[in-house]
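Structure file start_33.cif (mmCIF, C-alpha atoms) is printed below.
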data_final
loop_
_atom_site.group_PDB
_atom_site.id
_atom_site.type_symbol
_atom_site.label_atom_id
_atom_site.label_comp_id
_atom_site.auth_asym_id
_atom_site.auth_seq_id
_atom_site.Cartn_x
_atom_site.Cartn_y
_atom_site.Cartn_z
ATOM 1 C CA MET I 682 181.197 17.094 4.925
ATOM 2 C CA PRO I 683 184.360 15.764 6.613
ATOM 3 C CA PRO I 684 185.228 17.368 9.964
ATOM 4 C CA ARG I 685 187.884 20.045 10.267
ATOM 5 C CA ASP I 686 191.317 19.123 11.527
ATOM 6 C CA VAL I 687 190.630 18.673 15.255
ATOM 7 C CA MET I 688 194.224 18.208 16.372
ATOM 8 C CA ASN I 689 193.940 21.442 18.396
ATOM 9 C CA GLY I 690 190.985 19.991 20.287
ATOM 10 C CA ILE I 691 188.682 22.951 19.587
ATOM 11 C CA THR I 692 185.066 22.180 18.724
ATOM 12 C CA ARG I 693 183.358 24.749 16.489
ATOM 13 C CA VAL I 694 179.617 25.263 17.004
ATOM 14 C CA VAL I 695 177.423 27.520 14.871
ATOM 15 C CA LEU I 696 174.588 28.764 17.078
ATOM 16 C CA MET I 697 171.682 30.778 15.697
ATOM 17 C CA ASP I 698 171.276 33.163 18.628
ATOM 18 C CA LEU I 699 167.665 34.349 18.393
ATOM 19 C CA LEU I 700 167.015 35.306 22.030
ATOM 20 C CA VAL I 701 169.794 37.851 22.557
ATOM 21 C CA GLU I 702 167.341 40.264 24.197
ATOM 22 C CA ARG I 703 166.585 37.819 27.050
ATOM 23 C CA SER I 704 169.743 37.306 29.096
ATOM 24 C CA GLN I 705 168.778 34.098 30.921
ATOM 25 C CA PHE I 706 167.190 32.329 27.952
ATOM 26 C CA GLY I 707 169.523 33.944 25.403
ATOM 27 C CA HIS I 708 173.165 34.022 26.465
ATOM 28 C CA GLY I 709 172.337 31.935 29.536
ATOM 29 C CA GLY I 710 170.525 29.329 27.467
ATOM 30 C CA ASN I 711 173.408 29.266 25.009
ATOM 31 C CA GLN I 712 175.766 28.427 27.863
ATOM 32 C CA GLU I 713 173.544 25.511 28.926
ATOM 33 C CA ILE I 714 173.686 24.162 25.349
ATOM 34 C CA ILE I 715 177.476 24.532 25.099
ATOM 35 C CA ASP I 716 178.428 23.391 28.608
ATOM 36 C CA PRO I 717 178.309 19.613 27.927
ATOM 37 C CA ILE I 718 180.273 20.086 24.695
ATOM 38 C CA ALA I 719 182.885 22.033 26.677
ATOM 39 C CA GLY I 720 183.319 18.952 28.859
ATOM 40 C CA PHE I 721 185.354 17.474 26.003
ATOM 41 C CA GLY I 722 187.663 20.434 25.329
ATOM 42 C CA ASP I 723 187.791 24.069 24.217
ATOM 43 C CA VAL I 724 184.898 25.370 22.115
ATOM 44 C CA GLU I 725 184.505 28.190 19.595
ATOM 45 C CA VAL I 726 180.864 29.296 19.354
ATOM 46 C CA LEU I 727 179.978 31.263 16.223
ATOM 47 C CA LEU I 728 176.863 33.250 17.125
ATOM 48 C CA LEU I 729 174.486 34.174 14.305
ATOM 49 C CA THR I 730 171.874 36.941 14.616
ATOM 50 C CA PRO I 731 170.231 36.996 11.171
ATOM 51 C CA GLN I 732 167.164 38.764 12.579
ATOM 52 C CA MET I 733 169.304 41.824 13.277
ATOM 53 C CA GLN I 734 172.019 41.950 10.605
ATOM 54 C CA THR I 735 172.117 43.634 7.182
ATOM 55 C CA GLU I 736 171.876 41.813 3.866
ATOM 56 C CA GLU I 737 175.114 43.526 2.820
ATOM 57 C CA VAL I 738 177.230 41.902 5.514
ATOM 58 C CA GLY I 739 175.500 38.625 4.691
ATOM 59 C CA ASP I 740 176.633 38.962 1.086
ATOM 60 C CA GLU I 741 180.163 39.673 2.325
ATOM 61 C CA ALA I 742 180.056 36.525 4.464
ATOM 62 C CA GLN I 743 178.918 34.522 1.446
ATOM 63 C CA GLY I 744 182.052 35.524 -0.389
ATOM 64 C CA ARG I 745 184.580 35.508 2.436
ATOM 65 C CA GLY I 746 183.356 32.983 5.012
ATOM 66 C CA LEU I 747 184.018 34.105 8.580
ATOM 67 C CA ILE I 748 183.090 37.776 8.923
ATOM 68 C CA ASP I 749 182.912 39.261 12.416
ATOM 69 C CA LEU I 750 179.906 41.470 13.115
ATOM 70 C CA SER I 751 180.253 45.086 14.183
ATOM 71 C CA LEU I 752 177.523 47.283 15.614
ATOM 72 C CA ASP I 753 177.126 48.900 12.175
ATOM 73 C CA ASP I 754 176.177 45.494 10.753
ATOM 74 C CA VAL I 755 173.185 44.999 13.085
ATOM 75 C CA PRO I 756 170.847 47.981 12.563
ATOM 76 C CA PHE I 757 167.941 46.076 14.126
ATOM 77 C CA TRP I 758 169.777 45.338 17.378
ATOM 78 C CA ASP I 759 167.682 45.569 20.549
ATOM 79 C CA HIS I 760 169.768 48.049 22.529
ATOM 80 C CA GLU I 761 168.262 46.973 25.838
ATOM 81 C CA PHE I 762 170.849 44.201 25.460
ATOM 82 C CA GLU I 763 174.475 45.330 25.192
ATOM 83 C CA PHE I 764 176.116 44.464 21.887
ATOM 84 C CA TRP I 765 179.425 42.657 22.160
ATOM 85 C CA LYS I 766 181.558 41.095 19.452
ATOM 86 C CA GLU I 767 183.013 38.287 21.527
ATOM 87 C CA CYS I 768 183.533 37.022 25.030
ATOM 88 C CA SER I 769 185.527 34.211 26.573
ATOM 89 C CA LEU I 770 184.295 32.061 29.450
ATOM 90 C CA SER I 771 185.618 29.092 31.385
ATOM 91 C CA MET I 772 183.033 26.325 31.145
ATOM 92 C CA ASN I 773 183.256 22.741 32.351
ATOM 93 C CA GLY I 774 187.005 23.100 32.799
ATOM 94 C CA HIS I 775 187.743 24.471 29.327
ATOM 95 C CA ASN I 776 187.812 27.761 27.437
ATOM 96 C CA VAL I 777 184.770 28.774 25.406
ATOM 97 C CA LEU I 778 184.963 31.700 22.974
ATOM 98 C CA PHE I 779 181.640 33.214 21.891
ATOM 99 C CA ARG I 780 182.103 35.176 18.658
ATOM 100 C CA ARG I 781 179.439 37.003 16.618
ATOM 101 C CA ILE I 782 179.675 36.488 12.872
ATOM 102 C CA ALA I 783 177.573 37.291 9.814
ATOM 103 C CA MET I 784 175.644 34.682 7.850
ATOM 104 C CA PRO I 785 174.240 34.640 4.294
ATOM 105 C CA LEU I 786 170.560 35.598 4.201
ATOM 106 C CA GLY I 787 169.575 34.791 0.618
ATOM 107 C CA GLY I 788 168.167 31.326 1.233
ATOM 108 C CA ASP I 789 170.089 29.733 -1.657
ATOM 109 C CA ASP I 790 170.971 26.184 -0.552
ATOM 110 C CA SER I 791 173.890 25.768 -2.952
ATOM 111 C CA LYS I 792 175.485 28.958 -1.632
ATOM 112 C CA MET I 793 174.717 27.982 1.962
ATOM 113 C CA GLU I 794 176.466 24.648 1.439
ATOM 114 C CA GLU I 795 179.496 26.537 0.110
ATOM 115 C CA TRP I 796 179.494 28.749 3.203
ATOM 116 C CA LEU I 797 179.219 25.776 5.555
ATOM 117 C CA ASN I 798 182.031 23.994 3.717
ATOM 118 C CA ASP I 799 184.113 27.149 4.120
ATOM 119 C CA ILE I 800 183.598 27.652 7.878
ATOM 120 C CA ARG I 801 183.404 23.901 8.638
ATOM 121 C CA PRO I 802 181.356 23.738 11.859
ATOM 122 C CA ASP I 803 181.257 20.610 13.987
ATOM 123 C CA ALA I 804 177.663 21.313 15.014
ATOM 124 C CA VAL I 805 174.778 23.672 14.221
ATOM 125 C CA VAL I 806 172.143 24.693 16.786
ATOM 126 C CA CYS I 807 169.113 26.945 16.304
ATOM 127 C CA SER I 808 167.656 28.385 19.497
ATOM 128 C CA GLY I 809 164.148 29.416 20.388
ATOM 129 C CA SER I 810 162.900 32.875 19.453
ATOM 130 C CA ARG I 811 160.242 35.447 20.267
ATOM 131 C CA ARG I 812 159.599 35.541 16.523
ATOM 132 C CA ASN I 813 157.203 33.066 14.937
ATOM 133 C CA VAL I 814 157.494 30.758 11.944
ATOM 134 C CA THR I 815 153.788 31.423 11.248
ATOM 135 C CA MET I 816 154.650 35.129 10.937
ATOM 136 C CA TRP I 817 157.440 34.708 8.395
ATOM 137 C CA GLU I 818 160.168 37.348 8.106
ATOM 138 C CA ASP I 819 162.679 37.690 5.270
ATOM 139 C CA TRP I 820 165.714 36.668 7.369
ATOM 140 C CA MET I 821 164.073 33.304 8.041
ATOM 141 C CA ASP I 822 164.831 32.268 4.446
ATOM 142 C CA GLY I 823 168.526 32.221 5.339
ATOM 143 C CA GLY I 824 167.871 30.513 8.675
ATOM 144 C CA ALA I 825 165.788 27.788 7.037
ATOM 145 C CA SER I 826 168.479 27.214 4.429
ATOM 146 C CA LEU I 827 171.118 26.902 7.163
ATOM 147 C CA VAL I 828 169.358 24.163 9.164
ATOM 148 C CA ARG I 829 168.147 22.361 6.046
ATOM 149 C CA CYS I 830 171.653 22.246 4.584
ATOM 150 C CA SER I 831 173.483 21.410 7.811
ATOM 151 C CA SER I 832 171.151 18.506 8.562
ATOM 152 C CA ILE I 833 171.308 17.059 5.058
ATOM 153 C CA MET I 834 175.105 17.465 4.975
ATOM 154 C CA GLY I 835 175.440 15.292 8.074
ATOM 155 C CA ILE I 836 176.553 18.062 10.428
ATOM 156 C CA PRO I 837 175.136 17.380 13.907
ATOM 157 C CA THR I 838 172.174 19.754 14.068
ATOM 158 C CA LEU I 839 169.697 20.589 16.819
ATOM 159 C CA GLY I 840 166.630 22.807 16.376
ATOM 160 C CA ILE I 841 165.035 23.947 19.643
ATOM 161 C CA CYS I 842 161.431 25.258 19.804
ATOM 162 C CA PHE I 843 161.494 27.919 17.028
ATOM 163 C CA GLY I 844 164.496 26.023 15.632
ATOM 164 C CA HIS I 845 162.404 22.840 15.534
ATOM 165 C CA GLN I 846 159.616 24.644 13.698
ATOM 166 C CA LEU I 847 162.079 26.272 11.291
ATOM 167 C CA LEU I 848 163.783 22.952 10.530
ATOM 168 C CA CYS I 849 160.485 21.145 9.970
ATOM 169 C CA LYS I 850 159.101 23.909 7.744
ATOM 170 C CA ALA I 851 162.394 24.011 5.821
ATOM 171 C CA LEU I 852 161.936 20.295 5.151
ATOM 172 C CA GLY I 853 158.324 20.673 4.006
ATOM 173 C CA SER I 854 156.039 20.413 7.027
ATOM 174 C CA THR I 855 153.126 22.620 8.055
ATOM 175 C CA VAL I 856 153.328 24.918 11.071
ATOM 176 C CA LYS I 857 150.195 26.471 12.600
ATOM 177 C CA ARG I 858 149.515 28.868 15.450
ATOM 178 C CA ALA I 859 147.378 27.785 18.393
ATOM 179 C CA GLU I 860 144.871 30.048 20.094
ATOM 180 C CA LYS I 861 146.885 30.168 23.313
ATOM 181 C CA LEU I 862 150.389 29.745 24.667
ATOM 182 C CA SER I 863 151.483 26.390 26.105
ATOM 183 C CA ASN I 864 153.674 26.683 29.203
ATOM 184 C CA GLY I 865 154.663 23.757 31.381
ATOM 185 C CA VAL I 866 156.437 20.431 31.730
ATOM 186 C CA TRP I 867 154.930 17.437 29.957
ATOM 187 C CA ASP I 868 155.920 13.771 29.728
ATOM 188 C CA LEU I 869 157.115 12.913 26.230
ATOM 189 C CA ASP I 870 155.526 9.837 24.638
ATOM 190 C CA LEU I 871 158.295 8.252 22.585
ATOM 191 C CA THR I 872 157.708 6.226 19.447
ATOM 192 C CA ALA I 873 159.522 2.915 19.081
ATOM 193 C CA GLU I 874 162.224 4.739 17.129
ATOM 194 C CA GLY I 875 162.359 7.537 19.681
ATOM 195 C CA ASP I 876 162.715 5.069 22.542
ATOM 196 C CA SER I 877 165.951 3.747 21.035
ATOM 197 C CA ASP I 878 167.223 7.097 19.722
ATOM 198 C CA VAL I 879 170.542 8.318 21.139
ATOM 199 C CA LEU I 880 169.060 11.750 21.952
ATOM 200 C CA PHE I 881 166.813 10.174 24.603
ATOM 201 C CA SER I 882 169.316 7.693 26.008
ATOM 202 C CA SER I 883 169.770 9.598 29.276
ATOM 203 C CA ARG I 884 167.810 9.341 32.529
ATOM 204 C CA ARG I 885 164.039 9.788 32.146
ATOM 205 C CA SER I 886 162.171 11.320 35.067
ATOM 206 C CA GLY I 887 158.613 11.239 33.694
ATOM 207 C CA GLU I 888 156.028 8.589 34.453
ATOM 208 C CA ASN I 889 156.529 5.132 32.929
ATOM 209 C CA ASP I 890 160.145 5.888 31.948
ATOM 210 C CA ARG I 891 159.204 8.850 29.769
ATOM 211 C CA PRO I 892 161.360 11.994 29.408
ATOM 212 C CA ALA I 893 159.924 15.056 31.149
ATOM 213 C CA VAL I 894 160.417 18.141 28.947
ATOM 214 C CA LEU I 895 159.683 21.865 29.302
ATOM 215 C CA PHE I 896 157.602 23.859 26.801
ATOM 216 C CA THR I 897 156.779 27.476 26.143
ATOM 217 C CA HIS I 898 155.327 27.999 22.656
ATOM 218 C CA GLN I 899 152.273 28.887 20.593
ATOM 219 C CA ASP I 900 153.270 27.743 17.101
ATOM 220 C CA HIS I 901 152.961 23.984 16.499
ATOM 221 C CA VAL I 902 154.451 21.704 13.852
ATOM 222 C CA ILE I 903 151.426 19.865 12.415
ATOM 223 C CA THR I 904 152.938 17.396 9.955
ATOM 224 C CA VAL I 905 156.119 15.312 10.022
ATOM 225 C CA PRO I 906 158.438 16.180 7.123
ATOM 226 C CA GLN I 907 158.753 13.387 4.553
ATOM 227 C CA SER I 908 162.485 13.185 5.229
ATOM 228 C CA CYS I 909 162.021 12.828 8.998
ATOM 229 C CA SER I 910 160.797 10.249 11.469
ATOM 230 C CA LEU I 911 158.639 11.086 14.470
ATOM 231 C CA LEU I 912 160.407 10.397 17.756
ATOM 232 C CA GLY I 913 157.888 11.694 20.261
ATOM 233 C CA SER I 914 154.725 13.629 21.032
ATOM 234 C CA THR I 915 152.741 14.918 24.015
ATOM 235 C CA ASN I 916 149.028 15.261 24.648
ATOM 236 C CA HIS I 917 149.167 18.943 23.665
ATOM 237 C CA ASN I 918 151.697 18.746 20.806
ATOM 238 C CA GLY I 919 151.621 16.046 18.145
ATOM 239 C CA VAL I 920 155.013 16.574 16.498
ATOM 240 C CA THR I 921 157.326 17.184 19.441
ATOM 241 C CA ALA I 922 160.582 15.546 18.341
ATOM 242 C CA VAL I 923 161.813 14.461 14.904
ATOM 243 C CA ARG I 924 164.992 13.065 13.385
ATOM 244 C CA VAL I 925 166.162 13.796 9.856
ATOM 245 C CA HIS I 926 166.957 10.970 7.421
ATOM 246 C CA SER I 927 168.979 10.896 4.208
ATOM 247 C CA ASP I 928 167.530 9.999 0.810
ATOM 248 C CA ASP I 929 168.443 6.351 1.386
ATOM 249 C CA GLY I 930 166.540 6.316 4.687
ATOM 250 C CA SER I 931 169.522 6.247 7.061
ATOM 251 C CA ALA I 932 169.283 8.406 10.164
ATOM 252 C CA LEU I 933 171.316 11.632 10.136
ATOM 253 C CA PRO I 934 172.631 13.327 13.314
ATOM 254 C CA ALA I 935 169.972 16.046 13.091
ATOM 255 C CA TRP I 936 166.975 16.618 15.361
ATOM 256 C CA GLY I 937 164.186 19.071 15.995
ATOM 257 C CA VAL I 938 162.618 19.307 19.460
ATOM 258 C CA GLN I 939 159.688 21.547 20.357
ATOM 259 C CA PHE I 940 160.694 21.724 24.023
ATOM 260 C CA HIS I 941 163.500 23.682 25.689
ATOM 261 C CA PRO I 942 166.254 21.403 27.035
ATOM 262 C CA GLU I 943 168.374 24.467 27.824
ATOM 263 C CA ALA I 944 165.805 25.933 30.284
ATOM 264 C CA ALA I 945 167.646 24.800 33.400
ATOM 265 C CA LYS I 946 165.866 25.369 36.705
ATOM 266 C CA ALA I 947 168.413 27.983 37.804
ATOM 267 C CA ARG I 948 167.893 29.893 34.542
ATOM 268 C CA VAL I 949 164.127 29.869 35.042
ATOM 269 C CA GLU I 950 164.448 31.181 38.588
ATOM 270 C CA ARG I 951 166.842 33.935 37.511
ATOM 271 C CA ALA I 952 164.499 34.906 34.684
ATOM 272 C CA PHE I 953 161.677 35.319 37.213
ATOM 273 C CA ASN I 954 163.886 37.380 39.543
ATOM 274 C CA ASN I 955 164.838 39.585 36.583
ATOM 275 C CA GLY I 956 161.187 40.107 35.647
ATOM 276 C CA ASP I 957 161.473 38.198 32.351
ATOM 277 C CA ILE I 958 158.738 35.680 33.212
ATOM 278 C CA SER I 959 155.608 35.866 35.345
ATOM 279 C CA GLU I 960 154.904 34.039 38.598
ATOM 280 C CA GLU I 961 152.374 31.931 36.683
ATOM 281 C CA GLU I 962 155.102 30.864 34.267
ATOM 282 C CA LEU I 963 157.485 30.160 37.138
ATOM 283 C CA VAL I 964 154.933 27.825 38.709
ATOM 284 C CA ALA I 965 154.344 26.110 35.331
ATOM 285 C CA PHE I 966 158.082 25.480 34.965
ATOM 286 C CA LYS I 967 158.738 24.266 38.543
ATOM 287 C CA ARG I 968 158.773 20.559 37.790
ATOM 288 C CA GLU I 969 162.143 18.926 37.115
ATOM 289 C CA HIS I 970 162.811 17.995 33.486
ATOM 290 C CA ASP I 971 165.374 15.991 31.521
ATOM 291 C CA GLY I 972 166.820 18.743 29.344
ATOM 292 C CA ALA I 973 170.377 18.476 30.694
ATOM 293 C CA GLY I 974 170.594 14.802 29.792
ATOM 294 C CA ILE I 975 169.278 15.436 26.295
ATOM 295 C CA LEU I 976 171.884 18.155 25.736
ATOM 296 C CA GLN I 977 174.588 15.782 27.010
ATOM 297 C CA SER I 978 173.422 13.179 24.497
ATOM 298 C CA PHE I 979 173.680 15.738 21.686
ATOM 299 C CA ALA I 980 177.171 16.711 22.883
ATOM 300 C CA ASP I 981 178.208 13.041 22.784
ATOM 301 C CA VAL I 982 177.020 12.858 19.163
ATOM 302 C CA VAL I 983 178.933 16.018 18.233
ATOM 303 C CA ILE I 984 182.192 14.783 19.741
ATOM 304 C CA GLY I 985 181.714 11.270 18.405
ATOM 305 C CA ASN I 986 181.182 12.682 14.931
ATOM 306 C CA MET I 987 184.532 14.477 15.224
ATOM 307 C CA GLY I 988 186.318 11.305 16.295
ATOM 308 C CA GLN I 989 187.477 12.909 19.542
ATOM 309 C CA SER I 990 187.731 11.335 22.952
ATOM 310 C CA LYS I 991 187.044 13.175 26.155
ATOM 311 C CA SER I 992 190.088 14.891 27.616
#
This entry written out as structure tokens:
Amino acid sequence: MPPRDVMNGITRVVLMDLLVERSQFGHGGNQEIIDPIAGFGDVEVLLLTPQMQTEEVGDEAQGRGLIDLSLDDVPFWDHEFEFWKECSLSMNGHNVLFRRIAMPLGGDDSKMEEWLNDIRPDAVVCSGSRRNVTMWEDWMDGGASLVRCSSIMGIPTLGICFGHQLLCKALGSTVKRAEKLSNGVWDLDLTAEGDSDVLFSSRRSGENDRPAVLFTHQDHVITVPQSCSLLGSTNHNGVTAVRVHSDDGSALPAWGVQFHPEAAKARVERAFNNGDISEEELVAFKREHDGAGILQSFADVVIGNMGQSKS
């Protein structure tokens, strides 16, 4: 899909916002993802909450493209978190508009491609979630279709934790649930392909020039999708990072990562102070990790794909 006209310098990011009920890892995590992209110019972030919206507004979005969400459209909203339609922030010297919109939920790839061609995003990101791919819910059909289509269409795509699992399952892999939760920072063992991949081109603070990355998860991707290459693994998680390839074998700008690059140290500390994580989790997450550099690398890909230069 060719990029939209970018003469106005605005980058459009579709972000599947699955942690809205956790301020530091939801809206805060979203800001960490968008901040390096905002270093290049203004950004419009289209937030999707398929886990909370109605099928009816999804059908309307299928026919009309960009449909803003109202409170009536999200009957499953967690009201411990205030609903808002949009907000504007100054980030990295530029304006960022966060806007909640509806997405199709049917899981029909041909219709999802039509919707993506209509709204023309420059990037698609799927966040982590408190839901589980191993405990499938109906809305996940639409989410899986979104990341499958965006990656295959050549739209820069990043699946994080749950998003990684959703992308891999959407492309045919097996996801299983472990007996216990994995919390902590591990060194990522890169494959030869992963070592030269643009996503891991930033500084590496682990031992032996390995990226250090932060995990909190219980579901695990077990098999590498046929259309993907394995970029990295850890001693507790075999399929940690993958890259999607086209039918002819060429690498597409689409990745799944089991870890959380958006879990900046300040976000973790605020989450503990807010009572969102335990002291045990805080201790597990204390070590520095390379998430910021990985997100910067993804931002570089997004902007490069648009043919923009940094302003």
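Shortest atom-to-atom contact with Leu848 of chain I among I:Thr904, I:Gly865, I:Thr915, I:Gly937: I:Gly937, counting all atoms listed in the file.
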I want to know what sits within 9 Å of Asp740 of chain I, based on only C-alpha atoms, with residues of the same chain fewer than 4 positions away left out; could you give that as JSON, numbers by chain?
{"I": [735, 736, 744, 745, 783, 784, 785, 786, 787]}
Residues matched by the PyMOL selection byres ((chain I and resi 711-716) around 9), written as an mmCIF file with C-alpha atoms, in the frame of the given file:
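result08.cif written:
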data_model
loop_
_atom_site.group_PDB
_atom_site.id
_atom_site.type_symbol
_atom_site.label_atom_id
_atom_site.label_comp_id
_atom_site.auth_asym_id
_atom_site.auth_seq_id
_atom_site.Cartn_x
_atom_site.Cartn_y
_atom_site.Cartn_z
ATOM 1 C CA VAL I 694 179.617 25.263 17.004
ATOM 2 C CA LEU I 696 174.588 28.764 17.078
ATOM 3 C CA ASP I 698 171.276 33.163 18.628
ATOM 4 C CA GLN I 705 168.778 34.098 30.921
ATOM 5 C CA PHE I 706 167.190 32.329 27.952
ATOM 6 C CA GLY I 707 169.523 33.944 25.403
ATOM 7 C CA HIS I 708 173.165 34.022 26.465
ATOM 8 C CA GLY I 709 172.337 31.935 29.536
ATOM 9 C CA GLY I 710 170.525 29.329 27.467
ATOM 10 C CA PRO I 717 178.309 19.613 27.927
ATOM 11 C CA ILE I 718 180.273 20.086 24.695
ATOM 12 C CA ALA I 719 182.885 22.033 26.677
ATOM 13 C CA GLY I 720 183.319 18.952 28.859
ATOM 14 C CA VAL I 724 184.898 25.370 22.115
ATOM 15 C CA VAL I 726 180.864 29.296 19.354
ATOM 16 C CA MET I 772 183.033 26.325 31.145
ATOM 17 C CA ASN I 773 183.256 22.741 32.351
ATOM 18 C CA VAL I 777 184.770 28.774 25.406
ATOM 19 C CA VAL I 806 172.143 24.693 16.786
ATOM 20 C CA SER I 808 167.656 28.385 19.497
ATOM 21 C CA PRO I 942 166.254 21.403 27.035
ATOM 22 C CA GLU I 943 168.374 24.467 27.824
ATOM 23 C CA ALA I 944 165.805 25.933 30.284
ATOM 24 C CA ALA I 945 167.646 24.800 33.400
ATOM 25 C CA ALA I 973 170.377 18.476 30.694
ATOM 26 C CA LEU I 976 171.884 18.155 25.736
ATOM 27 C CA GLN I 977 174.588 15.782 27.010
ATOM 28 C CA ALA I 980 177.171 16.711 22.883
#
Using all atoms listed in the file, which residues sit within 8 Å of Val814 of chain I once same-chain residues fewer than 4 positions away are excluded, as a count of residues only?
5
Could you check how far atom CA of Val828 of chain I sits from atom CA of Glu767 of chain I, in Å to one decimal?
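Computing it gives 23.2 Å between the two atoms.
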Taking 2 positions as the minimum chain separation for residues in the same chain, which residues sit within 6 Å of segment 836-838 of chain I when counting only C-alpha atoms? Answer as a list of chain:residue names.
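My reading of the contact set: I:Ala804, I:Val805, I:Val806, I:Ser831, I:Ser832, I:Met834, I:Pro934, I:Ala935, I:Val983.
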Using Å and a single decimal, report how far atom CA of Asp819 of chain I sits from atom CA of Arg858 of chain I.
18.8 Å
Starting from the shown file, work through the PyMOL selection byres ((chain I and resi 872-876) around 10) and note down what comes out as an MDAnalysis selection string.
chainID I and resid 869:871 877:882 890:892 910:914 922:924
May I ask for the distance between atom CA of Gly739 of chain I and atom CA of Glu818 of chain I, given in Å to one decimal place?
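Spanning atom CA of Gly739 of chain I to atom CA of Glu818 of chain I is a straight-line distance of 15.8 Å.
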Which residues match the PyMOL selection byres ((chain I and resi 970) around 8) in the file above, as a ChimeraX atom specification?
/I:866,886-887,892-895,968-969,971-972
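Among I:Val949, I:Val902, I:Met987, I:Leu750, the residue with the shortest atom-to-atom distance to Ala859 of chain I, counting only C-alpha atoms, is I:Val902.
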Selected residue, from I:Cys842, I:Ala851, I:Ile903, I:Cys830, that lies nearest to Leu797 of chain I when counting all atoms listed in the file:
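Of I:Cys842, I:Ala851, I:Ile903, I:Cys830, the one nearest Leu797 of chain I, counting all atoms listed in the file, is I:Cys830.
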Which neighbours of Leu827 of chain I fall inside 8 Å, counting only C-alpha atoms, when residues of the same chain fewer than 6 positions from it are skipped, and could you give them as a count of residues only?
3
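Distance annotation: of I:Gly835, I:Gly774, I:Gly974, I:Pro802, the residue with the minimal separation from Arg885 of chain I is I:Gly974; atom set is only C-alpha atoms.
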Can segment 802-814 of chain I be brought up to N, CA and C atoms and written out as a PDB file, in the coordinates of the input?
ATOM      1  N   PRO I 802     181.762  23.939  10.469  1.00  0.00           N
ATOM      2  CA  PRO I 802     181.356  23.738  11.859  1.00  0.00           C
ATOM      3  C   PRO I 802     181.268  22.259  12.212  1.00  0.00           C
ATOM      4  N   ASP I 803     181.435  21.966  13.489  1.00  0.00           N
ATOM      5  CA  ASP I 803     181.257  20.610  13.987  1.00  0.00           C
ATOM      6  C   ASP I 803     179.827  20.359  14.437  1.00  0.00           C
ATOM      7  N   ALA I 804     179.071  21.426  14.629  1.00  0.00           N
ATOM      8  CA  ALA I 804     177.663  21.313  15.014  1.00  0.00           C
ATOM      9  C   ALA I 804     176.953  22.605  14.663  1.00  0.00           C
ATOM     10  N   VAL I 805     175.639  22.509  14.467  1.00  0.00           N
ATOM     11  CA  VAL I 805     174.778  23.672  14.221  1.00  0.00           C
ATOM     12  C   VAL I 805     173.577  23.560  15.162  1.00  0.00           C
ATOM     13  N   VAL I 806     173.288  24.655  15.874  1.00  0.00           N
ATOM     14  CA  VAL I 806     172.143  24.693  16.786  1.00  0.00           C
ATOM     15  C   VAL I 806     171.330  25.934  16.480  1.00  0.00           C
ATOM     16  N   CYS I 807     170.003  25.795  16.449  1.00  0.00           N
ATOM     17  CA  CYS I 807     169.113  26.945  16.304  1.00  0.00           C
ATOM     18  C   CYS I 807     168.270  27.050  17.559  1.00  0.00           C
ATOM     19  N   SER I 808     168.333  28.189  18.222  1.00  0.00           N
ATOM     20  CA  SER I 808     167.656  28.385  19.497  1.00  0.00           C
ATOM     21  C   SER I 808     166.171  28.692  19.300  1.00  0.00           C
ATOM     22  N   GLY I 809     165.498  28.882  20.419  1.00  0.00           N
ATOM     23  CA  GLY I 809     164.148  29.416  20.388  1.00  0.00           C
ATOM     24  C   GLY I 809     164.172  30.898  20.025  1.00  0.00           C
ATOM     25  N   SER I 810     162.987  31.483  19.868  1.00  0.00           N
ATOM     26  CA  SER I 810     162.900  32.875  19.453  1.00  0.00           C
ATOM     27  C   SER I 810     161.566  33.455  19.882  1.00  0.00           C
ATOM     28  N   ARG I 811     161.518  34.769  20.032  1.00  0.00           N
ATOM     29  CA  ARG I 811     160.242  35.447  20.267  1.00  0.00           C
ATOM     30  C   ARG I 811     159.531  35.708  18.940  1.00  0.00           C
ATOM     31  N   ARG I 812     160.239  35.498  17.835  1.00  0.00           N
ATOM     32  CA  ARG I 812     159.599  35.541  16.523  1.00  0.00           C
ATOM     33  C   ARG I 812     158.818  34.246  16.296  1.00  0.00           C
ATOM     34  N   ASN I 813     158.070  34.206  15.197  1.00  0.00           N
ATOM     35  CA  ASN I 813     157.203  33.066  14.937  1.00  0.00           C
ATOM     36  C   ASN I 813     157.321  32.616  13.491  1.00  0.00           C
ATOM     37  N   VAL I 814     157.446  31.305  13.295  1.00  0.00           N
ATOM     38  CA  VAL I 814     157.494  30.758  11.944  1.00  0.00           C
ATOM     39  C   VAL I 814     156.205  31.055  11.190  1.00  0.00           C
TER      40      VAL I 814
END
